[in-house]
file work24.cif (mmCIF, C-alpha atoms; chains and numbers go by the auth columns)
data_final
#
loop_
_atom_site.group_PDB
_atom_site.id
_atom_site.type_symbol
_atom_site.label_atom_id
_atom_site.label_comp_id
_atom_site.label_asym_id
_atom_site.label_seq_id
_atom_site.Cartn_x
_atom_site.Cartn_y
_atom_site.Cartn_z
_atom_site.B_iso_or_equiv
_atom_site.auth_seq_id
_atom_site.auth_asym_id
ATOM 1 C CA MET A 1 7.865 82.597 8.441 0.00 483 E
ATOM 2 C CA LYS A 2 7.346 79.022 7.409 0.00 484 E
ATOM 3 C CA ALA A 3 10.268 77.509 5.611 0.00 485 E
ATOM 4 C CA ARG A 4 11.179 74.271 3.950 0.00 486 E
ATOM 5 C CA VAL A 5 14.722 73.030 3.788 0.00 487 E
ATOM 6 C CA LEU A 6 15.507 70.491 1.083 0.00 488 E
ATOM 7 C CA ILE A 7 18.652 68.482 1.674 0.00 489 E
ATOM 8 C CA ARG A 8 20.040 66.144 -0.942 0.00 490 E
ATOM 9 C CA PRO A 9 23.279 64.245 -1.540 0.00 491 E
ATOM 10 C CA LYS A 10 25.695 66.248 -3.695 0.00 492 E
ATOM 11 C CA GLU A 11 26.181 65.292 -7.328 0.00 493 E
ATOM 12 C CA GLY A 12 28.709 62.503 -7.483 0.00 494 E
ATOM 13 C CA ILE A 13 28.148 61.357 -3.925 0.00 495 E
ATOM 14 C CA LEU A 14 26.887 57.798 -3.707 0.00 496 E
ATOM 15 C CA ASP A 15 23.217 57.576 -2.775 0.00 497 E
ATOM 16 C CA PRO A 16 22.444 53.995 -1.740 0.00 498 E
ATOM 17 C CA GLN A 17 18.852 54.787 -0.770 0.00 499 E
ATOM 18 C CA GLY A 18 18.185 56.218 -4.207 0.00 500 E
ATOM 19 C CA LYS A 19 19.768 53.184 -5.852 0.00 501 E
ATOM 20 C CA ALA A 20 17.603 50.893 -3.744 0.00 502 E
ATOM 21 C CA VAL A 21 14.468 52.715 -4.864 0.00 503 E
ATOM 22 C CA GLU A 22 15.551 52.540 -8.500 0.00 504 E
ATOM 23 C CA ARG A 23 16.100 48.803 -8.264 0.00 505 E
ATOM 24 C CA ALA A 24 12.763 48.205 -6.597 0.00 506 E
ATOM 25 C CA LEU A 25 10.814 50.004 -9.319 0.00 507 E
ATOM 26 C CA PRO A 26 10.731 47.386 -12.108 0.00 508 E
ATOM 27 C CA ALA A 27 9.640 44.676 -9.675 0.00 509 E
ATOM 28 C CA LEU A 28 6.665 46.838 -8.722 0.00 510 E
ATOM 29 C CA GLY A 29 5.767 47.467 -12.340 0.00 511 E
ATOM 30 C CA PHE A 30 6.998 51.037 -12.639 0.00 512 E
ATOM 31 C CA ASP A 31 8.980 51.833 -15.731 0.00 513 E
ATOM 32 C CA GLY A 32 10.442 55.070 -16.978 0.00 514 E
ATOM 33 C CA VAL A 33 11.626 56.405 -13.659 0.00 515 E
ATOM 34 C CA SER A 34 15.317 57.136 -13.280 0.00 516 E
ATOM 35 C CA HIS A 35 17.858 59.325 -11.516 0.00 517 E
ATOM 36 C CA VAL A 36 16.297 58.784 -8.131 0.00 518 E
ATOM 37 C CA ARG A 37 17.979 60.656 -5.274 0.00 519 E
ATOM 38 C CA VAL A 38 16.733 60.453 -1.726 0.00 520 E
ATOM 39 C CA GLY A 39 17.329 63.284 0.709 0.00 521 E
ATOM 40 C CA ARG A 40 15.684 64.952 3.658 0.00 522 E
ATOM 41 C CA LEU A 41 12.940 67.510 4.031 0.00 523 E
ATOM 42 C CA VAL A 42 12.798 69.759 7.088 0.00 524 E
ATOM 43 C CA GLU A 43 9.799 72.021 7.631 0.00 525 E
ATOM 44 C CA LEU A 44 9.938 74.647 10.329 0.00 526 E
ATOM 45 C CA GLU A 45 8.639 77.965 11.512 0.00 527 E
ATOM 46 C CA ALA A 46 11.210 80.654 12.085 0.00 528 E
ATOM 47 C CA GLU A 47 10.916 84.126 13.507 0.00 529 E
ATOM 48 C CA ASP A 48 12.142 86.884 11.243 0.00 530 E
ATOM 49 C CA GLY A 49 15.878 87.199 11.466 0.00 531 E
ATOM 50 C CA ALA A 50 16.526 83.594 12.366 0.00 532 E
ATOM 51 C CA ASP A 51 19.657 82.560 10.522 0.00 533 E
ATOM 52 C CA LEU A 52 18.481 79.547 8.576 0.00 534 E
ATOM 53 C CA GLU A 53 21.671 79.353 6.504 0.00 535 E
ATOM 54 C CA ALA A 54 23.771 78.862 9.627 0.00 536 E
ATOM 55 C CA LEU A 55 21.199 76.440 11.004 0.00 537 E
ATOM 56 C CA CYS A 56 21.522 74.298 7.888 0.00 538 E
ATOM 57 C CA GLU A 57 25.310 74.404 7.915 0.00 539 E
ATOM 58 C CA LYS A 58 25.599 73.497 11.577 0.00 540 E
ATOM 59 C CA LEU A 59 22.709 71.178 12.312 0.00 541 E
ATOM 60 C CA LEU A 60 20.510 70.094 9.451 0.00 542 E
ATOM 61 C CA ALA A 61 22.883 69.274 6.620 0.00 543 E
ATOM 62 C CA ASN A 62 26.390 67.950 6.284 0.00 544 E
ATOM 63 C CA PRO A 63 27.867 70.484 3.857 0.00 545 E
ATOM 64 C CA LEU A 64 30.679 68.133 2.885 0.00 546 E
ATOM 65 C CA ILE A 65 28.374 65.683 1.194 0.00 547 E
ATOM 66 C CA GLU A 66 24.996 67.404 1.025 0.00 548 E
ATOM 67 C CA ASP A 67 23.477 70.379 -0.753 0.00 549 E
ATOM 68 C CA TYR A 68 20.629 72.277 0.789 0.00 550 E
ATOM 69 C CA GLU A 69 18.037 74.702 -0.436 0.00 551 E
ATOM 70 C CA ILE A 70 15.870 76.948 1.724 0.00 552 E
ATOM 71 C CA LEU A 71 12.381 77.699 0.453 0.00 553 E
ATOM 72 C CA SER A 72 10.078 80.139 2.168 0.00 554 E
ATOM 73 C CA THR A 73 6.525 78.838 2.118 0.00 555 E
ATOM 74 C CA GLY A 74 4.520 81.679 3.618 0.00 556 E
ATOM 75 C CA SER A 75 4.413 84.160 6.446 0.00 557 E
ATOM 76 C CA GLU A 76 1.666 82.644 8.601 0.00 558 E
ATOM 77 C CA SER A 77 2.577 81.979 12.192 0.00 559 E
ATOM 78 C CA GLY A 78 0.636 79.762 14.531 0.00 560 E
ATOM 79 C CA MET B 1 9.834 65.328 -16.416 0.00 406 L
ATOM 80 C CA LYS B 2 11.789 66.054 -13.271 0.00 407 L
ATOM 81 C CA ALA B 3 9.773 65.720 -10.119 0.00 408 L
ATOM 82 C CA ARG B 4 10.254 66.190 -6.421 0.00 409 L
ATOM 83 C CA VAL B 5 8.315 64.200 -3.895 0.00 410 L
ATOM 84 C CA LEU B 6 8.042 65.684 -0.410 0.00 411 L
ATOM 85 C CA ILE B 7 7.127 63.221 2.308 0.00 412 L
ATOM 86 C CA ARG B 8 6.356 64.302 5.831 0.00 413 L
ATOM 87 C CA PRO B 9 4.811 62.771 8.955 0.00 414 L
ATOM 88 C CA LYS B 10 1.065 63.439 9.137 0.00 415 L
ATOM 89 C CA GLU B 11 -0.257 66.029 11.563 0.00 416 L
ATOM 90 C CA GLY B 12 -0.594 64.419 14.953 0.00 417 L
ATOM 91 C CA ILE B 13 1.906 61.684 14.252 0.00 418 L
ATOM 92 C CA LEU B 14 4.880 61.775 16.579 0.00 419 L
ATOM 93 C CA ASP B 15 8.050 63.029 14.894 0.00 420 L
ATOM 94 C CA PRO B 16 11.025 62.181 17.118 0.00 421 L
ATOM 95 C CA GLN B 17 13.573 63.476 14.600 0.00 422 L
ATOM 96 C CA GLY B 18 11.861 66.854 14.510 0.00 423 L
ATOM 97 C CA LYS B 19 11.740 66.960 18.302 0.00 424 L
ATOM 98 C CA ALA B 20 15.434 66.144 18.483 0.00 425 L
ATOM 99 C CA VAL B 21 16.245 69.027 16.144 0.00 426 L
ATOM 100 C CA GLU B 22 14.075 71.404 18.172 0.00 427 L
ATOM 101 C CA ARG B 23 15.839 70.451 21.363 0.00 428 L
ATOM 102 C CA ALA B 24 19.276 70.867 19.833 0.00 429 L
ATOM 103 C CA LEU B 25 18.565 74.398 18.652 0.00 430 L
ATOM 104 C CA PRO B 26 18.962 76.422 21.867 0.00 431 L
ATOM 105 C CA ALA B 27 22.248 74.708 22.681 0.00 432 L
ATOM 106 C CA LEU B 28 23.595 75.837 19.318 0.00 433 L
ATOM 107 C CA GLY B 29 22.396 79.392 19.863 0.00 434 L
ATOM 108 C CA PHE B 30 19.406 79.373 17.535 0.00 435 L
ATOM 109 C CA ASP B 31 16.266 80.921 18.926 0.00 436 L
ATOM 110 C CA GLY B 32 12.907 81.511 17.366 0.00 437 L
ATOM 111 C CA VAL B 33 12.660 78.291 15.426 0.00 438 L
ATOM 112 C CA SER B 34 9.733 76.009 16.182 0.00 439 L
ATOM 113 C CA HIS B 35 7.397 73.412 14.707 0.00 440 L
ATOM 114 C CA VAL B 36 10.211 71.423 13.183 0.00 441 L
ATOM 115 C CA ARG B 37 9.124 68.379 11.201 0.00 442 L
ATOM 116 C CA VAL B 38 11.580 66.128 9.453 0.00 443 L
ATOM 117 C CA GLY B 39 10.583 64.131 6.414 0.00 444 L
ATOM 118 C CA ARG B 40 12.068 62.811 3.198 0.00 445 L
ATOM 119 C CA LEU B 41 12.783 64.321 -0.163 0.00 446 L
ATOM 120 C CA VAL B 42 12.870 62.172 -3.286 0.00 447 L
ATOM 121 C CA GLU B 43 14.002 63.653 -6.580 0.00 448 L
ATOM 122 C CA LEU B 44 13.537 61.670 -9.751 0.00 449 L
ATOM 123 C CA GLU B 45 13.124 61.821 -13.493 0.00 450 L
ATOM 124 C CA ALA B 46 9.994 60.256 -14.864 0.00 451 L
ATOM 125 C CA GLU B 47 8.849 59.660 -18.413 0.00 452 L
ATOM 126 C CA ASP B 48 5.510 61.183 -19.273 0.00 453 L
ATOM 127 C CA GLY B 49 2.713 58.979 -18.093 0.00 454 L
ATOM 128 C CA ALA B 50 4.623 57.419 -15.230 0.00 455 L
ATOM 129 C CA ASP B 51 2.178 57.067 -12.380 0.00 456 L
ATOM 130 C CA LEU B 52 3.908 58.961 -9.600 0.00 457 L
ATOM 131 C CA GLU B 53 0.864 58.868 -7.317 0.00 458 L
ATOM 132 C CA ALA B 54 0.893 55.084 -7.297 0.00 459 L
ATOM 133 C CA LEU B 55 4.657 55.084 -6.904 0.00 460 L
ATOM 134 C CA CYS B 56 4.352 57.212 -3.770 0.00 461 L
ATOM 135 C CA GLU B 57 1.575 55.101 -2.311 0.00 462 L
ATOM 136 C CA LYS B 58 3.346 51.811 -2.920 0.00 463 L
ATOM 137 C CA LEU B 59 7.020 52.529 -2.496 0.00 464 L
ATOM 138 C CA LEU B 60 8.054 55.975 -1.343 0.00 465 L
ATOM 139 C CA ALA B 61 5.638 56.882 1.427 0.00 466 L
ATOM 140 C CA ASN B 62 3.692 55.042 4.072 0.00 467 L
ATOM 141 C CA PRO B 63 0.220 56.529 3.544 0.00 468 L
ATOM 142 C CA LEU B 64 -0.917 55.481 7.010 0.00 469 L
ATOM 143 C CA ILE B 65 1.432 57.865 8.759 0.00 470 L
ATOM 144 C CA GLU B 66 2.849 60.085 6.027 0.00 471 L
ATOM 145 C CA ASP B 67 1.569 62.759 3.672 0.00 472 L
ATOM 146 C CA TYR B 68 3.217 63.297 0.338 0.00 473 L
ATOM 147 C CA GLU B 69 3.252 66.034 -2.223 0.00 474 L
ATOM 148 C CA ILE B 70 4.458 65.725 -5.815 0.00 475 L
ATOM 149 C CA LEU B 71 6.043 68.809 -7.363 0.00 476 L
ATOM 150 C CA SER B 72 7.033 68.975 -10.981 0.00 477 L
ATOM 151 C CA THR B 73 10.309 70.843 -11.350 0.00 478 L
ATOM 152 C CA GLY B 74 10.793 71.073 -15.091 0.00 479 L
ATOM 153 C CA SER B 75 10.673 69.123 -18.291 0.00 480 L
ATOM 154 C CA GLU B 76 14.370 68.657 -19.013 0.00 481 L
ATOM 155 C CA SER B 77 15.504 65.107 -19.546 0.00 482 L
ATOM 156 C CA GLY B 78 19.057 63.980 -19.455 0.00 483 L
#
call {"tool": "encode", "arguments": {"input": "work24.cif", "output": "structure tokens"}}
result
Amino acid sequence: MKARVLIRPKEGILDPQGKAVERALPALGFDGVSHVRVGRLVELEAEDGADLEALCEKLLANPLIEDYEILSTGSESG
Amino acid sequence: MKARVLIRPKEGILDPQGKAVERALPALGFDGVSHVRVGRLVELEAEDGADLEALCEKLLANPLIEDYEILSTGSESG
């Protein structure tokens, strides 16, 4: 199974990278973009039964300050 | 419009973060996970007509070494 894990800072947690992007936008001529949050994307292939929840909790995300979301993106293996 | 931008290293480009995750897995007791690639996730709210393609090319991604994908995730604004 191919999976995507989306990791983002929790609501209310300061996101300096997102703020930096937001501030850079007007200088580059982009208007109308707001609420920018920057997180991480992890793509992986897992055998059936692999415990992705535990993997996220222990390795990929910091559950104190980050939310994660696991999306399955297909069953191809290779 | 809410949008998600997924940015990942291009095929063939070395991904040391992904390799580091892969190597950490067996030590933590996770088997059967492979092909780990680590990229970035950017979530934002854009007004209609905002040119997200150009935004990705110029600010969010490095098109030489990264692929990006823009996903619309709804039309709520707030």
call {"tool": "resolve_selection", "arguments": {"input": "work24.cif", "expression": "the PyMOL selection byres ((chain L and resi 467-470) around 10)", "output": "number ranges by chain"}}
result
L: 412-419, 461-466, 471-473
call {"tool": "residues_near_point", "arguments": {"input": "work24.cif", "point": "(23.8, 75.2, 18.5)", "cutoff": "12 Å", "atoms": "only C-alpha atoms", "output": "VMD selection string"}}
result
(chain E and resid 533 536 to 542) or (chain L and resid 426 to 436 438)
call {"tool": "interface_residues", "arguments": {"input": "work24.cif", "of": "chain E", "to": "chain L", "cutoff": "6 Å", "atoms": "all atoms listed in the file", "output": "list in words"}}
result
Gly514, Val515, Ser516, His517, Val518, Arg519, Val520, Gly521, Arg522, Leu523, Val524, Glu525, Leu526, Glu527, Ala528 and Glu529 of chain E
call {"tool": "write_last_selection", "arguments": {"input": "work24.cif", "atoms": "C-alpha atoms", "output": "PDB file, keeping the file's coordinate frame"}}
result
ATOM      1  CA  GLY E 514      10.442  55.070 -16.978  1.00  0.00           C
ATOM      2  CA  VAL E 515      11.626  56.405 -13.659  1.00  0.00           C
ATOM      3  CA  SER E 516      15.317  57.136 -13.280  1.00  0.00           C
ATOM      4  CA  HIS E 517      17.858  59.325 -11.516  1.00  0.00           C
ATOM      5  CA  VAL E 518      16.297  58.784  -8.131  1.00  0.00           C
ATOM      6  CA  ARG E 519      17.979  60.656  -5.274  1.00  0.00           C
ATOM      7  CA  VAL E 520      16.733  60.453  -1.726  1.00  0.00           C
ATOM      8  CA  GLY E 521      17.329  63.284   0.709  1.00  0.00           C
ATOM      9  CA  ARG E 522      15.684  64.952   3.658  1.00  0.00           C
ATOM     10  CA  LEU E 523      12.940  67.510   4.031  1.00  0.00           C
ATOM     11  CA  VAL E 524      12.798  69.759   7.088  1.00  0.00           C
ATOM     12  CA  GLU E 525       9.799  72.021   7.631  1.00  0.00           C
ATOM     13  CA  LEU E 526       9.938  74.647  10.329  1.00  0.00           C
ATOM     14  CA  GLU E 527       8.639  77.965  11.512  1.00  0.00           C
ATOM     15  CA  ALA E 528      11.210  80.654  12.085  1.00  0.00           C
ATOM     16  CA  GLU E 529      10.916  84.126  13.507  1.00  0.00           C
TER      17      GLU E 529
END
call {"tool": "atom_distance", "arguments": {"input": "work24.cif", "atom1": "atom CA of E:Glu535", "atom2": "atom CA of E:Glu551"}}
result
9.1 Å
call {"tool": "axis_aligned_box", "arguments": {"input": "work24.cif", "around": "stretch 540-550 of chain E", "padding_each_side": "5 Å", "output": "JSON"}}
result
{"center_x": 25.6, "center_y": 69.6, "center_z": 5.8, "size_x": 20.2, "size_y": 17.8, "size_z": 23.1}
call {"tool": "build_atoms", "arguments": {"input": "work24.cif", "residues": "stretch 406-419 of chain L", "atoms": "N, CA and C atoms", "output": "PDB file, in the coordinates of the input"}}
result
ATOM      1  N   MET L 406      10.257  64.378 -17.433  1.00  0.00           N
ATOM      2  CA  MET L 406       9.834  65.328 -16.416  1.00  0.00           C
ATOM      3  C   MET L 406      10.618  65.094 -15.130  1.00  0.00           C
ATOM      4  N   LYS L 407      11.161  66.173 -14.575  1.00  0.00           N
ATOM      5  CA  LYS L 407      11.789  66.054 -13.271  1.00  0.00           C
ATOM      6  C   LYS L 407      10.738  66.310 -12.204  1.00  0.00           C
ATOM      7  N   ALA L 408      10.766  65.535 -11.171  1.00  0.00           N
ATOM      8  CA  ALA L 408       9.773  65.720 -10.119  1.00  0.00           C
ATOM      9  C   ALA L 408      10.439  65.604  -8.762  1.00  0.00           C
ATOM     10  N   ARG L 409       9.829  66.276  -7.811  1.00  0.00           N
ATOM     11  CA  ARG L 409      10.254  66.190  -6.421  1.00  0.00           C
ATOM     12  C   ARG L 409       9.086  65.650  -5.621  1.00  0.00           C
ATOM     13  N   VAL L 410       9.354  64.700  -4.783  1.00  0.00           N
ATOM     14  CA  VAL L 410       8.315  64.200  -3.895  1.00  0.00           C
ATOM     15  C   VAL L 410       8.703  64.578  -2.469  1.00  0.00           C
ATOM     16  N   LEU L 411       7.814  65.293  -1.799  1.00  0.00           N
ATOM     17  CA  LEU L 411       8.042  65.684  -0.410  1.00  0.00           C
ATOM     18  C   LEU L 411       7.198  64.795   0.486  1.00  0.00           C
ATOM     19  N   ILE L 412       7.830  64.151   1.424  1.00  0.00           N
ATOM     20  CA  ILE L 412       7.127  63.221   2.308  1.00  0.00           C
ATOM     21  C   ILE L 412       7.333  63.687   3.732  1.00  0.00           C
ATOM     22  N   ARG L 413       6.229  63.833   4.446  1.00  0.00           N
ATOM     23  CA  ARG L 413       6.356  64.302   5.831  1.00  0.00           C
ATOM     24  C   ARG L 413       5.414  63.514   6.727  1.00  0.00           C
ATOM     25  N   PRO L 414       5.727  63.444   8.027  1.00  0.00           N
ATOM     26  CA  PRO L 414       4.811  62.771   8.955  1.00  0.00           C
ATOM     27  C   PRO L 414       3.481  63.522   8.999  1.00  0.00           C
ATOM     28  N   LYS L 415       2.375  62.787   9.044  1.00  0.00           N
ATOM     29  CA  LYS L 415       1.065  63.439   9.137  1.00  0.00           C
ATOM     30  C   LYS L 415       0.941  64.249  10.410  1.00  0.00           C
ATOM     31  N   GLU L 416       0.097  65.271  10.364  1.00  0.00           N
ATOM     32  CA  GLU L 416      -0.257  66.029  11.563  1.00  0.00           C
ATOM     33  C   GLU L 416      -0.678  65.063  12.658  1.00  0.00           C
ATOM     34  N   GLY L 417      -0.164  65.248  13.838  1.00  0.00           N
ATOM     35  CA  GLY L 417      -0.594  64.419  14.953  1.00  0.00           C
ATOM     36  C   GLY L 417       0.239  63.167  15.144  1.00  0.00           C
ATOM     37  N   ILE L 418       1.015  62.837  14.119  1.00  0.00           N
ATOM     38  CA  ILE L 418       1.906  61.684  14.252  1.00  0.00           C
ATOM     39  C   ILE L 418       3.206  62.154  14.889  1.00  0.00           C
ATOM     40  N   LEU L 419       3.663  61.404  15.863  1.00  0.00           N
ATOM     41  CA  LEU L 419       4.880  61.775  16.579  1.00  0.00           C
ATOM     42  C   LEU L 419       6.074  61.832  15.608  1.00  0.00           C
TER      43      LEU L 419
END
